[in-house]
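Structure data follow from data-v2.pdb (PDB, N, CA and C atoms):
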```pdb
MODEL        1
ATOM      1  N   MET K  29       0.824  -1.204   0.000
ATOM      2  CA  MET K  29       0.000   0.000   0.000
ATOM      3  C   MET K  29       0.862   1.259   0.000
ATOM      4  N   LYS K  30       1.940   1.242   0.806
ATOM      5  CA  LYS K  30       2.830   2.403   0.856
ATOM      6  C   LYS K  30       3.461   2.666  -0.508
ATOM      7  N   ALA K  31       3.812   1.598  -1.211
ATOM      8  CA  ALA K  31       4.430   1.759  -2.526
ATOM      9  C   ALA K  31       3.459   2.416  -3.501
ATOM     10  N   VAL K  32       2.188   2.076  -3.420
ATOM     11  CA  VAL K  32       1.182   2.664  -4.298
ATOM     12  C   VAL K  32       1.044   4.156  -4.014
ATOM     13  N   ILE K  33       1.047   4.531  -2.743
ATOM     14  CA  ILE K  33       0.942   5.952  -2.373
ATOM     15  C   ILE K  33       2.146   6.729  -2.883
ATOM     16  N   VAL K  34       3.338   6.191  -2.714
ATOM     17  CA  VAL K  34       4.557   6.862  -3.184
ATOM     18  C   VAL K  34       4.519   7.026  -4.698
ATOM     19  N   ILE K  35       4.114   6.005  -5.421
ATOM     20  CA  ILE K  35       4.039   6.089  -6.877
ATOM     21  C   ILE K  35       3.003   7.127  -7.293
ATOM     22  N   CYS K  36       1.847   7.134  -6.640
ATOM     23  CA  CYS K  36       0.810   8.117  -6.967
ATOM     24  C   CYS K  36       1.297   9.540  -6.722
ATOM     25  N   LEU K  37       1.961   9.763  -5.617
ATOM     26  CA  LEU K  37       2.475  11.100  -5.317
ATOM     27  C   LEU K  37       3.540  11.517  -6.317
ATOM     28  N   THR K  38       4.369  10.596  -6.726
ATOM     29  CA  THR K  38       5.415  10.903  -7.695
ATOM     30  C   THR K  38       4.813  11.269  -9.044
ATOM     31  N   VAL K  39       3.776  10.586  -9.449
ATOM     32  CA  VAL K  39       3.133  10.852 -10.732
ATOM     33  C   VAL K  39       2.290  12.119 -10.675
ATOM     34  N   LEU K  40       1.567  12.319  -9.591
ATOM     35  CA  LEU K  40       0.661  13.457  -9.493
ATOM     36  C   LEU K  40       1.357  14.766  -9.144
ATOM     37  N   CYS K  41       2.496  14.713  -8.494
ATOM     38  CA  CYS K  41       3.171  15.926  -8.019
ATOM     39  C   CYS K  41       4.607  16.031  -8.514
ATOM     40  N   PRO K  42       4.874  15.811  -9.789
ATOM     41  CA  PRO K  42       6.264  15.838 -10.237
ATOM     42  C   PRO K  42       6.886  17.228 -10.205
ATOM     43  N   ILE K  43       6.094  18.267 -10.392
ATOM     44  CA  ILE K  43       6.654  19.617 -10.430
ATOM     45  C   ILE K  43       7.259  19.999  -9.091
ATOM     46  N   SER K  44       6.570  19.669  -8.004
ATOM     47  CA  SER K  44       7.076  20.060  -6.694
ATOM     48  C   SER K  44       8.401  19.391  -6.377
ATOM     49  N   ALA K  45       8.655  18.230  -6.990
ATOM     50  CA  ALA K  45       9.917  17.550  -6.739
ATOM     51  C   ALA K  45      11.087  18.319  -7.343
ATOM     52  N   PHE K  46      10.832  19.137  -8.348
ATOM     53  CA  PHE K  46      11.897  19.870  -9.015
ATOM     54  C   PHE K  46      11.904  21.361  -8.688
ATOM     55  N   ALA K  47      10.972  21.790  -7.870
ATOM     56  CA  ALA K  47      10.886  23.218  -7.559
ATOM     57  C   ALA K  47      12.006  23.624  -6.619
ATOM     58  N   GLY K  48      12.521  24.834  -6.833
ATOM     59  CA  GLY K  48      13.565  25.367  -5.978
ATOM     60  C   GLY K  48      13.180  26.731  -5.449
ATOM     61  N   ILE K  49      13.594  27.004  -4.252
ATOM     62  CA  ILE K  49      13.359  28.308  -3.650
ATOM     63  C   ILE K  49      14.579  29.178  -3.949
ATOM     64  N   ILE K  50      14.331  30.352  -4.513
ATOM     65  CA  ILE K  50      15.382  31.352  -4.711
ATOM     66  C   ILE K  50      15.066  32.476  -3.739
ATOM     67  N   PHE K  51      16.016  32.786  -2.879
ATOM     68  CA  PHE K  51      15.760  33.797  -1.857
ATOM     69  C   PHE K  51      17.027  34.596  -1.604
ATOM     70  N   GLY K  52      16.886  35.694  -0.882
ATOM     71  CA  GLY K  52      18.053  36.495  -0.542
ATOM     72  C   GLY K  52      17.640  37.883  -0.113
ATOM     73  N   SER K  53      18.554  38.820  -0.313
ATOM     74  CA  SER K  53      18.285  40.204   0.081
ATOM     75  C   SER K  53      18.843  41.160  -0.959
ATOM     76  N   LEU K  54      18.296  42.378  -0.925
ATOM     77  CA  LEU K  54      18.719  43.437  -1.836
ATOM     78  C   LEU K  54      19.001  44.672  -1.004
ATOM     79  N   SER K  55      20.163  45.281  -1.231
ATOM     80  CA  SER K  55      20.526  46.480  -0.475
ATOM     81  C   SER K  55      21.143  47.512  -1.412
ATOM     82  N   GLU K  56      21.168  48.753  -0.914
ATOM     83  CA  GLU K  56      21.832  49.862  -1.593
ATOM     84  C   GLU K  56      22.529  50.666  -0.516
ATOM     85  N   ASN K  57      23.815  50.894  -0.683
ATOM     86  CA  ASN K  57      24.614  51.563   0.345
ATOM     87  C   ASN K  57      24.465  50.872   1.699
ATOM     88  N   ARG K  58      24.420  49.546   1.654
ATOM     89  CA  ARG K  58      24.305  48.694   2.848
ATOM     90  C   ARG K  58      22.996  48.863   3.613
ATOM     91  N   GLN K  59      22.006  49.472   2.971
ATOM     92  CA  GLN K  59      20.671  49.641   3.561
ATOM     93  C   GLN K  59      19.684  48.783   2.770
ATOM     94  N   PRO K  60      18.711  48.163   3.450
ATOM     95  CA  PRO K  60      17.741  47.327   2.739
ATOM     96  C   PRO K  60      16.945  48.125   1.710
ATOM     97  N   VAL K  61      16.694  47.512   0.574
ATOM     98  CA  VAL K  61      15.862  48.116  -0.466
ATOM     99  C   VAL K  61      14.481  47.490  -0.336
ATOM    100  N   LYS K  62      13.480  48.305  -0.008
ATOM    101  CA  LYS K  62      12.129  47.763   0.141
ATOM    102  C   LYS K  62      11.269  48.136  -1.060
ATOM    103  N   GLY K  63      10.383  47.217  -1.436
ATOM    104  CA  GLY K  63       9.441  47.466  -2.515
ATOM    105  C   GLY K  63       9.990  47.321  -3.919
ATOM    106  N   ALA K  64      11.174  46.736  -4.070
ATOM    107  CA  ALA K  64      11.713  46.492  -5.412
ATOM    108  C   ALA K  64      11.017  45.264  -6.011
ATOM    109  N   ASP K  65      10.737  45.328  -7.298
ATOM    110  CA  ASP K  65      10.131  44.193  -7.993
ATOM    111  C   ASP K  65      11.225  43.216  -8.413
ATOM    112  N   ILE K  66      11.057  41.963  -8.020
ATOM    113  CA  ILE K  66      12.004  40.901  -8.370
ATOM    114  C   ILE K  66      11.298  39.943  -9.317
ATOM    115  N   THR K  67      11.915  39.675 -10.460
ATOM    116  CA  THR K  67      11.384  38.723 -11.427
ATOM    117  C   THR K  67      12.463  37.711 -11.757
ATOM    118  N   VAL K  68      12.118  36.446 -11.700
ATOM    119  CA  VAL K  68      13.027  35.375 -12.103
ATOM    120  C   VAL K  68      12.393  34.682 -13.295
ATOM    121  N   THR K  69      13.163  34.584 -14.384
ATOM    122  CA  THR K  69      12.694  33.929 -15.598
ATOM    123  C   THR K  69      13.565  32.707 -15.850
ATOM    124  N   CYS K  70      12.906  31.555 -15.900
ATOM    125  CA  CYS K  70      13.583  30.280 -16.169
ATOM    126  C   CYS K  70      12.922  29.688 -17.411
ATOM    127  N   GLY K  71      13.614  29.787 -18.540
ATOM    128  CA  GLY K  71      13.010  29.350 -19.799
ATOM    129  C   GLY K  71      11.826  30.242 -20.125
ATOM    130  N   SER K  72      10.660  29.639 -20.311
ATOM    131  CA  SER K  72       9.461  30.419 -20.622
ATOM    132  C   SER K  72       8.625  30.722 -19.374
ATOM    133  N   ASP K  73       9.091  30.285 -18.203
ATOM    134  CA  ASP K  73       8.365  30.507 -16.952
ATOM    135  C   ASP K  73       8.899  31.730 -16.224
ATOM    136  N   THR K  74       7.969  32.533 -15.688
ATOM    137  CA  THR K  74       8.337  33.752 -14.971
ATOM    138  C   THR K  74       7.710  33.730 -13.583
ATOM    139  N   TYR K  75       8.506  34.135 -12.579
ATOM    140  CA  TYR K  75       8.067  34.163 -11.187
ATOM    141  C   TYR K  75       8.366  35.552 -10.636
ATOM    142  N   GLN K  76       7.418  36.117  -9.883
ATOM    143  CA  GLN K  76       7.590  37.483  -9.406
ATOM    144  C   GLN K  76       7.338  37.598  -7.908
ATOM    145  N   THR K  77       8.014  38.574  -7.306
ATOM    146  CA  THR K  77       7.802  38.926  -5.909
ATOM    147  C   THR K  77       8.313  40.347  -5.706
ATOM    148  N   GLN K  78       8.217  40.834  -4.483
ATOM    149  CA  GLN K  78       8.771  42.141  -4.111
ATOM    150  C   GLN K  78       9.607  41.976  -2.856
ATOM    151  N   THR K  79      10.576  42.874  -2.700
ATOM    152  CA  THR K  79      11.357  42.856  -1.467
ATOM    153  C   THR K  79      10.507  43.434  -0.333
ATOM    154  N   GLY K  80      10.720  42.906   0.847
ATOM    155  CA  GLY K  80      10.014  43.392   2.029
ATOM    156  C   GLY K  80      10.723  44.589   2.636
ATOM    157  N   ASP K  81      10.236  45.040   3.783
ATOM    158  CA  ASP K  81      10.841  46.184   4.476
ATOM    159  C   ASP K  81      12.303  45.943   4.835
ATOM    160  N   ASP K  82      12.667  44.676   5.002
ATOM    161  CA  ASP K  82      14.046  44.323   5.347
ATOM    162  C   ASP K  82      14.905  44.024   4.124
ATOM    163  N   GLY K  83      14.349  44.236   2.917
ATOM    164  CA  GLY K  83      15.087  43.990   1.676
ATOM    165  C   GLY K  83      15.096  42.538   1.246
ATOM    166  N   ALA K  84      14.414  41.672   1.999
ATOM    167  CA  ALA K  84      14.422  40.241   1.693
ATOM    168  C   ALA K  84      13.384  39.894   0.629
ATOM    169  N   TYR K  85      13.679  38.850  -0.130
ATOM    170  CA  TYR K  85      12.751  38.325  -1.123
ATOM    171  C   TYR K  85      12.842  36.804  -1.120
ATOM    172  N   SER K  86      11.795  36.162  -1.606
ATOM    173  CA  SER K  86      11.775  34.713  -1.727
ATOM    174  C   SER K  86      10.719  34.334  -2.745
ATOM    175  N   LEU K  87      11.057  33.385  -3.608
ATOM    176  CA  LEU K  87      10.080  32.871  -4.557
ATOM    177  C   LEU K  87      10.398  31.434  -4.892
ATOM    178  N   ARG K  88       9.403  30.750  -5.405
ATOM    179  CA  ARG K  88       9.537  29.339  -5.763
ATOM    180  C   ARG K  88       9.567  29.238  -7.284
ATOM    181  N   ALA K  89      10.641  28.653  -7.813
ATOM    182  CA  ALA K  89      10.783  28.464  -9.257
ATOM    183  C   ALA K  89      10.660  26.978  -9.562
ATOM    184  N   ASN K  90       9.764  26.623 -10.464
ATOM    185  CA  ASN K  90       9.608  25.223 -10.871
ATOM    186  C   ASN K  90      10.689  24.891 -11.883
ATOM    187  N   GLY K  91      11.319  23.778 -11.688
ATOM    188  CA  GLY K  91      12.374  23.364 -12.584
ATOM    189  C   GLY K  91      13.735  23.821 -12.088
ATOM    190  N   ALA K  92      14.754  23.226 -12.647
ATOM    191  CA  ALA K  92      16.121  23.546 -12.251
ATOM    192  C   ALA K  92      16.885  24.053 -13.469
ATOM    193  N   GLY K  93      17.906  24.854 -13.211
ATOM    194  CA  GLY K  93      18.745  25.323 -14.307
ATOM    195  C   GLY K  93      19.037  26.804 -14.230
ATOM    196  N   ARG K  94      19.597  27.318 -15.316
ATOM    197  CA  ARG K  94      19.983  28.733 -15.399
ATOM    198  C   ARG K  94      18.744  29.593 -15.585
ATOM    199  N   CYS K  95      18.697  30.686 -14.830
ATOM    200  CA  CYS K  95      17.581  31.623 -14.876
ATOM    201  C   CYS K  95      18.134  33.049 -14.918
ATOM    202  N   THR K  96      17.259  33.998 -15.194
ATOM    203  CA  THR K  96      17.620  35.418 -15.152
ATOM    204  C   THR K  96      16.836  36.079 -14.037
ATOM    205  N   LEU K  97      17.537  36.760 -13.146
ATOM    206  CA  LEU K  97      16.906  37.521 -12.077
ATOM    207  C   LEU K  97      16.954  38.984 -12.464
ATOM    208  N   SER K  98      15.774  39.635 -12.476
ATOM    209  CA  SER K  98      15.662  41.053 -12.803
ATOM    210  C   SER K  98      15.178  41.813 -11.584
ATOM    211  N   VAL K  99      15.743  43.000 -11.385
ATOM    212  CA  VAL K  99      15.324  43.886 -10.304
ATOM    213  C   VAL K  99      14.849  45.185 -10.931
ATOM    214  N   LYS K 100      13.605  45.560 -10.630
ATOM    215  CA  LYS K 100      13.093  46.857 -11.078
ATOM    216  C   LYS K 100      12.985  47.749  -9.851
ATOM    217  N   TYR K 101      13.713  48.873  -9.905
ATOM    218  CA  TYR K 101      13.775  49.781  -8.764
ATOM    219  C   TYR K 101      14.046  51.194  -9.283
ATOM    220  N   LYS K 102      13.269  52.140  -8.835
ATOM    221  CA  LYS K 102      13.408  53.541  -9.245
ATOM    222  C   LYS K 102      13.468  53.687 -10.765
ATOM    223  N   ASP K 103      12.505  53.086 -11.438
ATOM    224  CA  ASP K 103      12.358  53.180 -12.901
ATOM    225  C   ASP K 103      13.529  52.612 -13.690
ATOM    226  N   GLN K 104      14.348  51.777 -13.059
ATOM    227  CA  GLN K 104      15.426  51.097 -13.766
ATOM    228  C   GLN K 104      15.291  49.592 -13.549
ATOM    229  N   THR K 105      15.719  48.835 -14.544
ATOM    230  CA  THR K 105      15.720  47.382 -14.432
ATOM    231  C   THR K 105      17.120  46.870 -14.714
ATOM    232  N   VAL K 106      17.617  46.041 -13.804
ATOM    233  CA  VAL K 106      18.928  45.410 -13.987
ATOM    234  C   VAL K 106      18.753  43.901 -13.876
ATOM    235  N   GLU K 107      19.613  43.170 -14.574
ATOM    236  CA  GLU K 107      19.501  41.714 -14.632
ATOM    237  C   GLU K 107      20.831  41.049 -14.328
ATOM    238  N   THR K 108      20.722  39.813 -13.867
ATOM    239  CA  THR K 108      21.901  38.978 -13.661
ATOM    240  C   THR K 108      21.477  37.519 -13.750
ATOM    241  N   GLY K 109      22.430  36.650 -13.992
ATOM    242  CA  GLY K 109      22.144  35.224 -14.062
ATOM    243  C   GLY K 109      22.165  34.580 -12.683
ATOM    244  N   VAL K 110      21.227  33.665 -12.461
ATOM    245  CA  VAL K 110      21.173  32.866 -11.236
ATOM    246  C   VAL K 110      20.842  31.433 -11.644
ATOM    247  N   PHE K 111      20.937  30.523 -10.698
ATOM    248  CA  PHE K 111      20.579  29.129 -10.947
ATOM    249  C   PHE K 111      19.501  28.701  -9.969
ATOM    250  N   SER K 112      18.560  27.921 -10.468
ATOM    251  CA  SER K 112      17.534  27.317  -9.636
ATOM    252  C   SER K 112      17.905  25.851  -9.450
ATOM    253  N   TYR K 113      17.963  25.424  -8.214
ATOM    254  CA  TYR K 113      18.286  24.035  -7.881
ATOM    255  C   TYR K 113      17.086  23.417  -7.186
ATOM    256  N   ASN K 114      17.161  22.126  -6.924
ATOM    257  CA  ASN K 114      16.068  21.466  -6.228
ATOM    258  C   ASN K 114      16.170  21.656  -4.717
ATOM    259  N   GLN K 115      16.948  22.630  -4.301
ATOM    260  CA  GLN K 115      17.072  22.998  -2.891
ATOM    261  C   GLN K 115      17.133  24.520  -2.808
ATOM    262  N   PRO K 116      16.819  25.099  -1.657
ATOM    263  CA  PRO K 116      16.867  26.571  -1.532
ATOM    264  C   PRO K 116      18.255  27.128  -1.872
ATOM    265  N   THR K 117      18.259  28.218  -2.630
ATOM    266  CA  THR K 117      19.506  28.855  -3.039
ATOM    267  C   THR K 117      19.424  30.342  -2.719
ATOM    268  N   ARG K 118      20.455  30.842  -2.029
ATOM    269  CA  ARG K 118      20.464  32.234  -1.581
ATOM    270  C   ARG K 118      21.299  33.105  -2.512
ATOM    271  N   TYR K 119      20.716  34.255  -2.865
ATOM    272  CA  TYR K 119      21.407  35.268  -3.654
ATOM    273  C   TYR K 119      21.182  36.629  -2.991
ATOM    274  N   ASP K 120      22.242  37.198  -2.441
ATOM    275  CA  ASP K 120      22.192  38.535  -1.852
ATOM    276  C   ASP K 120      22.871  39.497  -2.821
ATOM    277  N   PHE K 121      22.203  40.638  -3.069
ATOM    278  CA  PHE K 121      22.710  41.598  -4.039
ATOM    279  C   PHE K 121      22.784  42.995  -3.449
ATOM    280  N   GLU K 122      23.737  43.765  -3.951
ATOM    281  CA  GLU K 122      23.889  45.181  -3.627
ATOM    282  C   GLU K 122      23.652  45.959  -4.924
ATOM    283  N   LEU K 123      22.708  46.895  -4.887
ATOM    284  CA  LEU K 123      22.511  47.807  -6.010
ATOM    285  C   LEU K 123      23.575  48.896  -5.934
ATOM    286  N   VAL K 124      24.294  49.097  -7.025
ATOM    287  CA  VAL K 124      25.352  50.104  -7.061
ATOM    288  C   VAL K 124      25.053  51.083  -8.192
ATOM    289  N   MET K 125      25.002  52.367  -7.857
ATOM    290  CA  MET K 125      24.737  53.416  -8.849
ATOM    291  C   MET K 125      26.068  53.911  -9.403
ATOM    292  N   THR K 126      26.209  53.837 -10.729
ATOM    293  CA  THR K 126      27.395  54.325 -11.409
ATOM    294  C   THR K 126      26.949  55.083 -12.653
ATOM    295  N   ALA K 127      27.330  56.353 -12.733
ATOM    296  CA  ALA K 127      26.990  57.201 -13.879
ATOM    297  C   ALA K 127      25.484  57.186 -14.157
ATOM    298  N   GLY K 128      24.680  57.222 -13.093
ATOM    299  CA  GLY K 128      23.239  57.295 -13.237
ATOM    300  C   GLY K 128      22.531  55.990 -13.534
ATOM    301  N   LYS K 129      23.275  54.872 -13.566
ATOM    302  CA  LYS K 129      22.685  53.569 -13.849
ATOM    303  C   LYS K 129      23.040  52.583 -12.745
ATOM    304  N   TYR K 130      22.052  51.739 -12.419
ATOM    305  CA  TYR K 130      22.286  50.702 -11.417
ATOM    306  C   TYR K 130      22.951  49.480 -12.027
ATOM    307  N   THR K 131      23.785  48.839 -11.228
ATOM    308  CA  THR K 131      24.293  47.508 -11.521
ATOM    309  C   THR K 131      24.058  46.664 -10.279
ATOM    310  N   LEU K 132      24.093  45.348 -10.445
ATOM    311  CA  LEU K 132      23.911  44.421  -9.331
ATOM    312  C   LEU K 132      25.243  43.750  -9.010
ATOM    313  N   ASN K 133      25.651  43.850  -7.768
ATOM    314  CA  ASN K 133      26.820  43.136  -7.298
ATOM    315  C   ASN K 133      26.376  42.041  -6.352
ATOM    316  N   LYS K 134      26.891  40.839  -6.535
ATOM    317  CA  LYS K 134      26.570  39.750  -5.623
ATOM    318  C   LYS K 134      27.342  39.941  -4.328
ATOM    319  N   ASN K 135      26.630  39.857  -3.230
ATOM    320  CA  ASN K 135      27.267  39.929  -1.916
ATOM    321  C   ASN K 135      27.709  38.533  -1.512
ATOM    322  N   VAL K 136      28.926  38.405  -1.081
ATOM    323  CA  VAL K 136      29.435  37.121  -0.604
ATOM    324  C   VAL K 136      29.541  37.221   0.908
ATOM    325  N   LYS K 137      28.880  36.309   1.604
ATOM    326  CA  LYS K 137      28.882  36.338   3.065
ATOM    327  C   LYS K 137      29.672  35.211   3.627
TER     328      LYS K 137
ENDMDL
END
```
What do you get writing this file as structure tokens?
Amino acid sequence: MKAVIVICLTVLCPISAFAGIIFGSLSENRQPVKGADITVTCGSDTYQTQTGDDGAYSLRANGAGRCTLSVKYKDQTVETGVFSYNQPTRYDFELVMTAGKYTLNKNVK
């Protein structure tokens, strides 16, 4: 009976087995950035969220592989590559203004 339940769950819920959590924080001048729009695009799938008051974000991406993370903040959009794995993956970024344009720097902790 247990084997039947496991097989049914595997067949009925295959997407959740490959879903990964992408989470982290966004800051500018070492201060949290709140209300920034975060979009992660993996192939043809797009996932969206916003940073909270503490600059933190989290979203669930179905599937694994290379994705693009976009940040829209103060009428500018910047992008960088990230990976979605079948386990939670943290990406902390610092927004840096140079010559009137933002860039994203990965924070290493």
Practice problem: Let me know the residues the PyMOL selection byres ((chain K and resi 53) around 7) catches in the file above, as a VMD selection string. | Solution: chain K and resid 51 to 52 54 to 55 61 82 to 85 118 to 122
Self-check item: Coordinates-based distance that separates atom C of Asn133 in chain K from CA of Ile66 in chain K (Å, one decimal)
Solution: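 Those two atoms sit 14.6 Å apart.
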What does the PyMOL selection byres ((chain K and resi 99-112) around 8) select in this file, as a PDB file with N, CA and C atoms, in the coordinates of the input?
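out_37.pdb, freshly written:
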```
ATOM      1  N   PHE K  46      10.832  19.137  -8.348  1.00  0.00           N
ATOM      2  CA  PHE K  46      11.897  19.870  -9.015  1.00  0.00           C
ATOM      3  C   PHE K  46      11.904  21.361  -8.688  1.00  0.00           C
ATOM      4  N   ALA K  47      10.972  21.790  -7.870  1.00  0.00           N
ATOM      5  CA  ALA K  47      10.886  23.218  -7.559  1.00  0.00           C
ATOM      6  C   ALA K  47      12.006  23.624  -6.619  1.00  0.00           C
ATOM      7  N   GLY K  48      12.521  24.834  -6.833  1.00  0.00           N
ATOM      8  CA  GLY K  48      13.565  25.367  -5.978  1.00  0.00           C
ATOM      9  C   GLY K  48      13.180  26.731  -5.449  1.00  0.00           C
ATOM     10  N   ILE K  49      13.594  27.004  -4.252  1.00  0.00           N
ATOM     11  CA  ILE K  49      13.359  28.308  -3.650  1.00  0.00           C
ATOM     12  C   ILE K  49      14.579  29.178  -3.949  1.00  0.00           C
ATOM     13  N   ILE K  50      14.331  30.352  -4.513  1.00  0.00           N
ATOM     14  CA  ILE K  50      15.382  31.352  -4.711  1.00  0.00           C
ATOM     15  C   ILE K  50      15.066  32.476  -3.739  1.00  0.00           C
ATOM     16  N   GLY K  63      10.383  47.217  -1.436  1.00  0.00           N
ATOM     17  CA  GLY K  63       9.441  47.466  -2.515  1.00  0.00           C
ATOM     18  C   GLY K  63       9.990  47.321  -3.919  1.00  0.00           C
ATOM     19  N   ALA K  64      11.174  46.736  -4.070  1.00  0.00           N
ATOM     20  CA  ALA K  64      11.713  46.492  -5.412  1.00  0.00           C
ATOM     21  C   ALA K  64      11.017  45.264  -6.011  1.00  0.00           C
ATOM     22  N   ASP K  65      10.737  45.328  -7.298  1.00  0.00           N
ATOM     23  CA  ASP K  65      10.131  44.193  -7.993  1.00  0.00           C
ATOM     24  C   ASP K  65      11.225  43.216  -8.413  1.00  0.00           C
ATOM     25  N   ILE K  66      11.057  41.963  -8.020  1.00  0.00           N
ATOM     26  CA  ILE K  66      12.004  40.901  -8.370  1.00  0.00           C
ATOM     27  C   ILE K  66      11.298  39.943  -9.317  1.00  0.00           C
ATOM     28  N   THR K  67      11.915  39.675 -10.460  1.00  0.00           N
ATOM     29  CA  THR K  67      11.384  38.723 -11.427  1.00  0.00           C
ATOM     30  C   THR K  67      12.463  37.711 -11.757  1.00  0.00           C
ATOM     31  N   VAL K  68      12.118  36.446 -11.700  1.00  0.00           N
ATOM     32  CA  VAL K  68      13.027  35.375 -12.103  1.00  0.00           C
ATOM     33  C   VAL K  68      12.393  34.682 -13.295  1.00  0.00           C
ATOM     34  N   CYS K  70      12.906  31.555 -15.900  1.00  0.00           N
ATOM     35  CA  CYS K  70      13.583  30.280 -16.169  1.00  0.00           C
ATOM     36  C   CYS K  70      12.922  29.688 -17.411  1.00  0.00           C
ATOM     37  N   ALA K  89      10.641  28.653  -7.813  1.00  0.00           N
ATOM     38  CA  ALA K  89      10.783  28.464  -9.257  1.00  0.00           C
ATOM     39  C   ALA K  89      10.660  26.978  -9.562  1.00  0.00           C
ATOM     40  N   ASN K  90       9.764  26.623 -10.464  1.00  0.00           N
ATOM     41  CA  ASN K  90       9.608  25.223 -10.871  1.00  0.00           C
ATOM     42  C   ASN K  90      10.689  24.891 -11.883  1.00  0.00           C
ATOM     43  N   GLY K  91      11.319  23.778 -11.688  1.00  0.00           N
ATOM     44  CA  GLY K  91      12.374  23.364 -12.584  1.00  0.00           C
ATOM     45  C   GLY K  91      13.735  23.821 -12.088  1.00  0.00           C
ATOM     46  N   ALA K  92      14.754  23.226 -12.647  1.00  0.00           N
ATOM     47  CA  ALA K  92      16.121  23.546 -12.251  1.00  0.00           C
ATOM     48  C   ALA K  92      16.885  24.053 -13.469  1.00  0.00           C
ATOM     49  N   GLY K  93      17.906  24.854 -13.211  1.00  0.00           N
ATOM     50  CA  GLY K  93      18.745  25.323 -14.307  1.00  0.00           C
ATOM     51  C   GLY K  93      19.037  26.804 -14.230  1.00  0.00           C
ATOM     52  N   ARG K  94      19.597  27.318 -15.316  1.00  0.00           N
ATOM     53  CA  ARG K  94      19.983  28.733 -15.399  1.00  0.00           C
ATOM     54  C   ARG K  94      18.744  29.593 -15.585  1.00  0.00           C
ATOM     55  N   CYS K  95      18.697  30.686 -14.830  1.00  0.00           N
ATOM     56  CA  CYS K  95      17.581  31.623 -14.876  1.00  0.00           C
ATOM     57  C   CYS K  95      18.134  33.049 -14.918  1.00  0.00           C
ATOM     58  N   THR K  96      17.259  33.998 -15.194  1.00  0.00           N
ATOM     59  CA  THR K  96      17.620  35.418 -15.152  1.00  0.00           C
ATOM     60  C   THR K  96      16.836  36.079 -14.037  1.00  0.00           C
ATOM     61  N   LEU K  97      17.537  36.760 -13.146  1.00  0.00           N
ATOM     62  CA  LEU K  97      16.906  37.521 -12.077  1.00  0.00           C
ATOM     63  C   LEU K  97      16.954  38.984 -12.464  1.00  0.00           C
ATOM     64  N   SER K  98      15.774  39.635 -12.476  1.00  0.00           N
ATOM     65  CA  SER K  98      15.662  41.053 -12.803  1.00  0.00           C
ATOM     66  C   SER K  98      15.178  41.813 -11.584  1.00  0.00           C
ATOM     67  N   TYR K 113      17.963  25.424  -8.214  1.00  0.00           N
ATOM     68  CA  TYR K 113      18.286  24.035  -7.881  1.00  0.00           C
ATOM     69  C   TYR K 113      17.086  23.417  -7.186  1.00  0.00           C
ATOM     70  N   ASN K 114      17.161  22.126  -6.924  1.00  0.00           N
ATOM     71  CA  ASN K 114      16.068  21.466  -6.228  1.00  0.00           C
ATOM     72  C   ASN K 114      16.170  21.656  -4.717  1.00  0.00           C
ATOM     73  N   GLN K 115      16.948  22.630  -4.301  1.00  0.00           N
ATOM     74  CA  GLN K 115      17.072  22.998  -2.891  1.00  0.00           C
ATOM     75  C   GLN K 115      17.133  24.520  -2.808  1.00  0.00           C
ATOM     76  N   PRO K 116      16.819  25.099  -1.657  1.00  0.00           N
ATOM     77  CA  PRO K 116      16.867  26.571  -1.532  1.00  0.00           C
ATOM     78  C   PRO K 116      18.255  27.128  -1.872  1.00  0.00           C
ATOM     79  N   THR K 117      18.259  28.218  -2.630  1.00  0.00           N
ATOM     80  CA  THR K 117      19.506  28.855  -3.039  1.00  0.00           C
ATOM     81  C   THR K 117      19.424  30.342  -2.719  1.00  0.00           C
ATOM     82  N   TYR K 119      20.716  34.255  -2.865  1.00  0.00           N
ATOM     83  CA  TYR K 119      21.407  35.268  -3.654  1.00  0.00           C
ATOM     84  C   TYR K 119      21.182  36.629  -2.991  1.00  0.00           C
ATOM     85  N   LYS K 129      23.275  54.872 -13.566  1.00  0.00           N
ATOM     86  CA  LYS K 129      22.685  53.569 -13.849  1.00  0.00           C
ATOM     87  C   LYS K 129      23.040  52.583 -12.745  1.00  0.00           C
ATOM     88  N   TYR K 130      22.052  51.739 -12.419  1.00  0.00           N
ATOM     89  CA  TYR K 130      22.286  50.702 -11.417  1.00  0.00           C
ATOM     90  C   TYR K 130      22.951  49.480 -12.027  1.00  0.00           C
ATOM     91  N   THR K 131      23.785  48.839 -11.228  1.00  0.00           N
ATOM     92  CA  THR K 131      24.293  47.508 -11.521  1.00  0.00           C
ATOM     93  C   THR K 131      24.058  46.664 -10.279  1.00  0.00           C
ATOM     94  N   LEU K 132      24.093  45.348 -10.445  1.00  0.00           N
ATOM     95  CA  LEU K 132      23.911  44.421  -9.331  1.00  0.00           C
ATOM     96  C   LEU K 132      25.243  43.750  -9.010  1.00  0.00           C
TER      97      LEU K 132
END
```
Practice problem: If you run DSSP over the backbone, which residues in range 59-94 of chain K end up strand (DSSP E or B)? Put them as a list of chain:residue names. | Solution: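 Here is the list: K:Gln59, K:Pro60, K:Asp65, K:Ile66, K:Thr67, K:Val68, K:Thr69, K:Cys70, K:Asp73, K:Thr74, K:Tyr75, K:Gln76, K:Thr77, K:Gln78, K:Ala84, K:Tyr85, K:Ser86, K:Leu87, K:Arg88, K:Ala89, K:Gly93, K:Arg94.
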Quiz prompt | Picked from chain K by DSSP as alpha helix (DSSP H), as a VMD selection string | solution = chain K and resid 30 to 40 42 to 46
Quiz item: What does the distance between atom C of Arg88 in chain K and atom C of Asn135 in chain K come to in Å, to one decimal place?
Solution: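 Result for atom C of Arg88 in chain K versus atom C of Asn135 in chain K: 21.2 Å, one decimal.
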